[in-house]
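What follows is a set of notes on a single structure, which appears directly below.
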Amino acid sequence: MYTADEKRYDSMKYNRCGASGLFLPAVSLGLWHNFGSNGNFDNMEAMCRTAFDKGITHFDLANNYGPVSGAAEENFGRILKNGLGEYRDELVISTKAGYGMWPGPYGDWGSKKYLVASLDQSLKRMGLDYVDIYYHHRPDPGTPIEETARALDGIVRSGKALYVGISNYNKEQTVAIAKLFAEMGTPFIINQRNYSMFDRSIERDGLKDYAAAHGIGIITFCPLAQGLLTDRYLRGIPEDSRVRKDGRFLNENSVTEEKLAKVRALNELAARRGQSLAQMALAWILRDGDITSVLIGASKPSQILDNIGMLRNMEFSEEERKKIDEILM
């Protein structure tokens, strides 16, 4: 039976999520990749236990994470049953709904019917009575935003989620649904968005500043730009990389020599800071206190340990900040 490390809270940093009473670890573990039906279960379990032993209390899922859809939730449910679930009150477990899950008009997007049914399925797969955060995974252009907001509010009132969040909403969409949540008194606490040194869209559209000013947390996915902000690309595109093997989220056309030159320059700066490139890229996201947590993915426990090594140096001098901006221009 699994017994968690007694020193698991000694080195992790925890940030308040928006204006709520919930704290999230600076680093959270996402189960988007490597937790599906094609993965090794013992490795999945080792990653989750390693994460928790190092103070990562937040585990982020979605109904469609796999392959196949639902498999990540099922595997996480097994991990909970095998011992991690003994610490349920120390865990923040989130899931999402918003992408296609089953045939017909009721298995996708943001209707009340879909959101309620999907959460029931997610809870069954994980063996849980409730999740801590339930997200709408993407804006739905065909469903009134009022319906989506009321559905999420009702889910919290039913006791099946403690808080609600949104994912992939831009500033305008966030402002609109936040107003509805405020009117209903819904515990809306977080927006999950793509953010990295190579994708600063939440800065450009004003979402980052808006969220900070209005008590909304932000948790960022793809903080390492699908692995580009690691040492794997310093000498070009590896043959076993996602670019070569998949190409859906990071393709060869986007990995230009100009971008690789930036990766190498950033790596030199990271080395001067005594960090790996990945560690510096993660620390940079948290540099000003406006981001609540960074979501990392991993394929093995050692990657988790390397990533959380960024906690040893999270401060940036003004000179370092300027140098990074110059590199990224």
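In the structure tokens, chains take letters A, B, ... by order of appearance, with residues numbered from 1 within each chain and ligands from 1 in the order shown.
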
Please report, as a PyMOL selection string, each residue of region 168-324 of chain A to which DSSP assigns helix (DSSP H, G or I) when run on this structure's backbone. chain A and resi 171-184+201-204+207-213+225-227+231-233+242-245+252-254+257-272+277-285+301-312+318-324

Residues near Leu115 (chain A), anyone? I mean within 10 Å using only C-alpha atoms, not counting same-chain ones fewer than 2 positions away, as a PDB file with N, CA and C atoms, in the first residue's frame.
ATOM      1  N   LYS A  96     -12.843  18.279 -17.016  1.00  0.00           N
ATOM      2  CA  LYS A  96     -13.446  19.234 -17.948  1.00  0.00           C
ATOM      3  C   LYS A  96     -14.389  18.524 -18.896  1.00  0.00           C
ATOM      4  N   ALA A  97     -15.257  19.315 -19.525  1.00  0.00           N
ATOM      5  CA  ALA A  97     -16.115  18.825 -20.604  1.00  0.00           C
ATOM      6  C   ALA A  97     -16.294  19.953 -21.601  1.00  0.00           C
ATOM      7  N   GLY A  98     -16.297  19.604 -22.883  1.00  0.00           N
ATOM      8  CA  GLY A  98     -16.465  20.625 -23.910  1.00  0.00           C
ATOM      9  C   GLY A  98     -16.129  20.136 -25.299  1.00  0.00           C
ATOM     10  N   TYR A 106     -25.940  15.479 -28.214  1.00  0.00           N
ATOM     11  CA  TYR A 106     -25.835  15.789 -26.779  1.00  0.00           C
ATOM     12  C   TYR A 106     -24.473  15.463 -26.185  1.00  0.00           C
ATOM     13  N   GLY A 107     -23.501  15.108 -27.030  1.00  0.00           N
ATOM     14  CA  GLY A 107     -22.210  14.669 -26.503  1.00  0.00           C
ATOM     15  C   GLY A 107     -21.062  15.603 -26.771  1.00  0.00           C
ATOM     16  N   ASP A 108     -21.336  16.898 -26.916  1.00  0.00           N
ATOM     17  CA  ASP A 108     -20.291  17.849 -27.279  1.00  0.00           C
ATOM     18  C   ASP A 108     -20.700  19.256 -26.837  1.00  0.00           C
ATOM     19  N   TRP A 109     -19.735  20.156 -26.801  1.00  0.00           N
ATOM     20  CA  TRP A 109     -19.910  21.592 -26.599  1.00  0.00           C
ATOM     21  C   TRP A 109     -20.322  22.009 -25.185  1.00  0.00           C
ATOM     22  N   GLY A 110     -21.441  22.756 -25.005  1.00  0.00           N
ATOM     23  CA  GLY A 110     -21.661  23.378 -23.700  1.00  0.00           C
ATOM     24  C   GLY A 110     -23.086  23.436 -23.224  1.00  0.00           C
ATOM     25  N   SER A 111     -23.928  22.528 -23.702  1.00  0.00           N
ATOM     26  CA  SER A 111     -25.304  22.520 -23.219  1.00  0.00           C
ATOM     27  C   SER A 111     -25.363  21.980 -21.789  1.00  0.00           C
ATOM     28  N   LYS A 112     -26.443  22.305 -21.108  1.00  0.00           N
ATOM     29  CA  LYS A 112     -26.610  21.781 -19.752  1.00  0.00           C
ATOM     30  C   LYS A 112     -26.671  20.261 -19.773  1.00  0.00           C
ATOM     31  N   LYS A 113     -27.374  19.692 -20.743  1.00  0.00           N
ATOM     32  CA  LYS A 113     -27.503  18.231 -20.815  1.00  0.00           C
ATOM     33  C   LYS A 113     -26.126  17.573 -20.915  1.00  0.00           C
ATOM     34  N   ALA A 117     -24.328  15.401 -17.818  1.00  0.00           N
ATOM     35  CA  ALA A 117     -24.117  13.979 -18.116  1.00  0.00           C
ATOM     36  C   ALA A 117     -22.635  13.638 -18.120  1.00  0.00           C
ATOM     37  N   SER A 118     -21.813  14.529 -18.687  1.00  0.00           N
ATOM     38  CA  SER A 118     -20.387  14.248 -18.765  1.00  0.00           C
ATOM     39  C   SER A 118     -19.753  14.178 -17.382  1.00  0.00           C
ATOM     40  N   LEU A 119     -20.134  15.070 -16.499  1.00  0.00           N
ATOM     41  CA  LEU A 119     -19.565  15.019 -15.156  1.00  0.00           C
ATOM     42  C   LEU A 119     -19.966  13.742 -14.438  1.00  0.00           C
ATOM     43  N   ASP A 120     -21.207  13.320 -14.595  1.00  0.00           N
ATOM     44  CA  ASP A 120     -21.624  12.055 -13.984  1.00  0.00           C
ATOM     45  C   ASP A 120     -20.750  10.902 -14.471  1.00  0.00           C
ATOM     46  N   TYR A 134     -14.528  21.943 -11.808  1.00  0.00           N
ATOM     47  CA  TYR A 134     -15.121  21.453 -13.045  1.00  0.00           C
ATOM     48  C   TYR A 134     -15.085  22.572 -14.071  1.00  0.00           C
ATOM     49  N   TYR A 135     -14.422  22.291 -15.196  1.00  0.00           N
ATOM     50  CA  TYR A 135     -14.223  23.291 -16.230  1.00  0.00           C
ATOM     51  C   TYR A 135     -15.143  23.082 -17.428  1.00  0.00           C
ATOM     52  N   HIS A 136     -15.581  24.191 -18.019  1.00  0.00           N
ATOM     53  CA  HIS A 136     -16.052  24.120 -19.392  1.00  0.00           C
ATOM     54  C   HIS A 136     -14.817  24.250 -20.271  1.00  0.00           C
ATOM     55  N   THR A 148     -24.758  27.742 -20.330  1.00  0.00           N
ATOM     56  CA  THR A 148     -23.531  27.114 -19.840  1.00  0.00           C
ATOM     57  C   THR A 148     -23.224  27.571 -18.416  1.00  0.00           C
ATOM     58  N   ALA A 151     -25.639  26.019 -15.959  1.00  0.00           N
ATOM     59  CA  ALA A 151     -25.365  24.591 -15.784  1.00  0.00           C
ATOM     60  C   ALA A 151     -24.213  24.384 -14.802  1.00  0.00           C
ATOM     61  N   LEU A 152     -23.143  25.151 -14.961  1.00  0.00           N
ATOM     62  CA  LEU A 152     -22.004  25.030 -14.057  1.00  0.00           C
ATOM     63  C   LEU A 152     -22.376  25.454 -12.639  1.00  0.00           C
ATOM     64  N   ILE A 155     -24.327  22.645 -11.065  1.00  0.00           N
ATOM     65  CA  ILE A 155     -23.468  21.511 -10.717  1.00  0.00           C
ATOM     66  C   ILE A 155     -22.806  21.725  -9.365  1.00  0.00           C
TER      67      ILE A 155
END

As number ranges by chain, please: the residues near Lys323 (chain A) (cut-off 10 Å, only C-alpha atoms, same-chain neighbours under 4 positions excluded). A: 265-266, 269, 317-319, 327-328

Please produce a file of the residues just selected, as a PDB file, in the first residue's frame, where the atoms kept are N, CA and C atoms.
ATOM      1  N   ALA A 265      19.549  30.429 -27.381  1.00  0.00           N
ATOM      2  CA  ALA A 265      19.885  31.627 -26.606  1.00  0.00           C
ATOM      3  C   ALA A 265      19.261  31.570 -25.214  1.00  0.00           C
ATOM      4  N   LEU A 266      18.027  31.116 -25.141  1.00  0.00           N
ATOM      5  CA  LEU A 266      17.367  30.975 -23.840  1.00  0.00           C
ATOM      6  C   LEU A 266      18.077  29.934 -22.986  1.00  0.00           C
ATOM      7  N   LEU A 269      21.064  31.423 -21.293  1.00  0.00           N
ATOM      8  CA  LEU A 269      20.681  32.238 -20.145  1.00  0.00           C
ATOM      9  C   LEU A 269      20.305  31.360 -18.958  1.00  0.00           C
ATOM     10  N   SER A 317      16.156  38.852 -12.346  1.00  0.00           N
ATOM     11  CA  SER A 317      16.622  40.231 -12.262  1.00  0.00           C
ATOM     12  C   SER A 317      16.018  41.023 -13.417  1.00  0.00           C
ATOM     13  N   GLU A 318      16.049  42.336 -13.297  1.00  0.00           N
ATOM     14  CA  GLU A 318      15.540  43.178 -14.375  1.00  0.00           C
ATOM     15  C   GLU A 318      16.341  42.949 -15.654  1.00  0.00           C
ATOM     16  N   GLU A 319      17.616  42.731 -15.513  1.00  0.00           N
ATOM     17  CA  GLU A 319      18.464  42.462 -16.678  1.00  0.00           C
ATOM     18  C   GLU A 319      18.055  41.160 -17.354  1.00  0.00           C
ATOM     19  N   ILE A 327      15.324  38.271 -26.624  1.00  0.00           N
ATOM     20  CA  ILE A 327      15.452  36.993 -27.341  1.00  0.00           C
ATOM     21  C   ILE A 327      14.151  36.622 -28.023  1.00  0.00           C
ATOM     22  N   LEU A 328      13.039  36.888 -27.342  1.00  0.00           N
ATOM     23  CA  LEU A 328      11.733  36.455 -27.846  1.00  0.00           C
ATOM     24  C   LEU A 328      11.133  37.404 -28.885  1.00  0.00           C
TER      25      LEU A 328
END

Rank nothing, just name the residue among A:Ala298, A:Ala26, A:Met329, A:Met314 nearest to Asn43 (chain A), using only C-alpha atoms.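 Of A:Ala298, A:Ala26, A:Met329, A:Met314, the one nearest Asn43 (chain A), counting only C-alpha atoms, is A:Ala298.
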
Neighbours of Met126 (chain A) within 6 Å (only C-alpha atoms; same-chain residues fewer than 2 positions away dropped), as a PyMOL selection string? chain A and resi 73-74+77+123-124+128

Writing out the chosen residues with N, CA, C and O atoms as a PDB file, in the first residue's frame:
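Output file result28.pdb follows:
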ATOM      1  N   GLU A  73      -9.122   9.292 -17.114  1.00  0.00           N
ATOM      2  CA  GLU A  73      -9.925   9.303 -15.887  1.00  0.00           C
ATOM      3  C   GLU A  73     -10.032   7.900 -15.293  1.00  0.00           C
ATOM      4  O   GLU A  73      -9.951   7.731 -14.070  1.00  0.00           O
ATOM      5  N   GLU A  74     -10.207   6.901 -16.143  1.00  0.00           N
ATOM      6  CA  GLU A  74     -10.284   5.527 -15.636  1.00  0.00           C
ATOM      7  C   GLU A  74      -8.975   5.115 -14.968  1.00  0.00           C
ATOM      8  O   GLU A  74      -8.974   4.513 -13.887  1.00  0.00           O
ATOM      9  N   GLY A  77      -8.589   6.848 -11.726  1.00  0.00           N
ATOM     10  CA  GLY A  77      -9.441   6.195 -10.740  1.00  0.00           C
ATOM     11  C   GLY A  77      -8.782   4.968 -10.136  1.00  0.00           C
ATOM     12  O   GLY A  77      -8.879   4.723  -8.927  1.00  0.00           O
ATOM     13  N   LEU A 123     -17.154  11.255 -12.901  1.00  0.00           N
ATOM     14  CA  LEU A 123     -17.130  10.833 -11.498  1.00  0.00           C
ATOM     15  C   LEU A 123     -17.157   9.306 -11.390  1.00  0.00           C
ATOM     16  O   LEU A 123     -16.438   8.720 -10.561  1.00  0.00           O
ATOM     17  N   LYS A 124     -17.936   8.669 -12.235  1.00  0.00           N
ATOM     18  CA  LYS A 124     -18.004   7.204 -12.224  1.00  0.00           C
ATOM     19  C   LYS A 124     -16.664   6.600 -12.623  1.00  0.00           C
ATOM     20  O   LYS A 124     -16.192   5.643 -12.004  1.00  0.00           O
ATOM     21  N   LEU A 128     -15.287   8.865  -7.812  1.00  0.00           N
ATOM     22  CA  LEU A 128     -15.379  10.012  -6.907  1.00  0.00           C
ATOM     23  C   LEU A 128     -16.824  10.455  -6.705  1.00  0.00           C
ATOM     24  O   LEU A 128     -17.681  10.226  -7.564  1.00  0.00           O
TER      25      LEU A 128
END

Do a neighbour search on Arg125 (chain A) at 12 Å with only C-alpha atoms, toss out local chain neighbours closer than 2 positions, and write the hits as a PyMOL selection string. chain A and resi 61-64+69-81+95+118-123+127-131

7 Å contact set for region 15-19 of chain A, only C-alpha atoms, chain neighbours under 6 positions out, as a PyMOL selection string: chain A and resi 25-26+189-190+215-217+292

Those residues with C-alpha atoms, as a short mmCIF file (atom, residue, chain, number, x, y, z; two decimals), in the first residue's frame please?
data_model
loop_
_atom_site.label_atom_id
_atom_site.label_comp_id
_atom_site.auth_asym_id
_atom_site.auth_seq_id
_atom_site.Cartn_x
_atom_site.Cartn_y
_atom_site.Cartn_z
CA PRO A 25 0.69 24.21 -6.03
CA ALA A 26 2.99 26.27 -8.24
CA ILE A 189 -12.12 30.83 -9.63
CA ILE A 190 -9.96 29.97 -12.63
CA GLY A 215 -9.68 37.85 -8.58
CA ILE A 216 -9.60 35.11 -11.22
CA GLY A 217 -6.81 32.56 -11.14
CA THR A 292 -1.55 30.62 -10.10
#

Would you list the contacts of Met184 (chain A) as a list in words, taking every protein, DNA or RNA residue within 10 Å and counting only C-alpha atoms, but skipping same-chain residues closer than 2 positions in sequence? Ala149, Arg150, Asp153, Gly154, Ala178, Lys179, Leu180, Phe181, Ala182, Thr186 and Pro187 of chain A

Using only C-alpha atoms for the distances, tell me which of A:Val92, A:Ala225, A:Ser293, A:Val116 is nearest to Asn191 (chain A). A:Ser293

As a PyMOL selection string, list the residues of region 88-316 of chain A assigned to strand (DSSP E or B) by DSSP on the backbone atoms of this structure. chain A and resi 92-97+131-136+161-167+188-194+196+199+217-221+293-296

Dump C-alpha atoms for the selected residues as a PDB file, in the first residue's frame?
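File produced: part12.pdb:
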ATOM      1  CA  VAL A  92      -7.332  18.989  -5.835  1.00  0.00           C
ATOM      2  CA  ILE A  93      -8.814  16.996  -8.702  1.00  0.00           C
ATOM      3  CA  SER A  94     -10.194  18.754 -11.749  1.00  0.00           C
ATOM      4  CA  THR A  95     -11.853  17.595 -14.923  1.00  0.00           C
ATOM      5  CA  LYS A  96     -13.446  19.234 -17.948  1.00  0.00           C
ATOM      6  CA  ALA A  97     -16.115  18.825 -20.604  1.00  0.00           C
ATOM      7  CA  VAL A 131     -14.371  17.013  -8.197  1.00  0.00           C
ATOM      8  CA  ASP A 132     -12.748  20.106  -6.801  1.00  0.00           C
ATOM      9  CA  ILE A 133     -12.849  22.086 -10.063  1.00  0.00           C
ATOM     10  CA  TYR A 134     -15.121  21.453 -13.045  1.00  0.00           C
ATOM     11  CA  TYR A 135     -14.223  23.291 -16.230  1.00  0.00           C
ATOM     12  CA  HIS A 136     -16.052  24.120 -19.392  1.00  0.00           C
ATOM     13  CA  ALA A 161     -18.054  20.131  -7.871  1.00  0.00           C
ATOM     14  CA  LEU A 162     -16.686  22.623  -5.372  1.00  0.00           C
ATOM     15  CA  TYR A 163     -15.575  25.292  -7.837  1.00  0.00           C
ATOM     16  CA  VAL A 164     -16.001  25.998 -11.527  1.00  0.00           C
ATOM     17  CA  GLY A 165     -13.511  27.075 -14.142  1.00  0.00           C
ATOM     18  CA  ILE A 166     -13.296  27.800 -17.841  1.00  0.00           C
ATOM     19  CA  SER A 167     -10.673  26.813 -20.374  1.00  0.00           C
ATOM     20  CA  PHE A 188     -15.835  30.767 -10.412  1.00  0.00           C
ATOM     21  CA  ILE A 189     -12.120  30.834  -9.634  1.00  0.00           C
ATOM     22  CA  ILE A 190      -9.959  29.973 -12.632  1.00  0.00           C
ATOM     23  CA  ASN A 191      -9.298  30.101 -16.366  1.00  0.00           C
ATOM     24  CA  GLN A 192      -7.002  27.527 -17.977  1.00  0.00           C
ATOM     25  CA  ARG A 193      -5.073  28.926 -20.941  1.00  0.00           C
ATOM     26  CA  ASN A 194      -2.103  28.232 -23.166  1.00  0.00           C
ATOM     27  CA  SER A 196       4.583  30.054 -22.573  1.00  0.00           C
ATOM     28  CA  ASP A 199       2.743  31.929 -26.775  1.00  0.00           C
ATOM     29  CA  GLY A 217      -6.810  32.555 -11.140  1.00  0.00           C
ATOM     30  CA  ILE A 218      -4.988  31.419 -14.261  1.00  0.00           C
ATOM     31  CA  ILE A 219      -3.448  27.984 -14.714  1.00  0.00           C
ATOM     32  CA  THR A 220      -1.367  27.546 -17.842  1.00  0.00           C
ATOM     33  CA  PHE A 221      -1.046  24.532 -20.102  1.00  0.00           C
ATOM     34  CA  SER A 293       0.008  27.399 -11.374  1.00  0.00           C
ATOM     35  CA  VAL A 294       1.764  25.837 -14.349  1.00  0.00           C
ATOM     36  CA  LEU A 295       0.461  22.525 -15.682  1.00  0.00           C
ATOM     37  CA  ILE A 296       3.220  20.142 -16.629  1.00  0.00           C
TER      38      ILE A 296
END

Would you mind telling me which residue in A:Ser254, A:Asn313, A:Thr3, A:Thr50 lies nearest to Arg272 (chain A) when using only C-alpha atoms?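 The shortest atom-to-atom distance to Arg272 (chain A) comes from A:Asn313.
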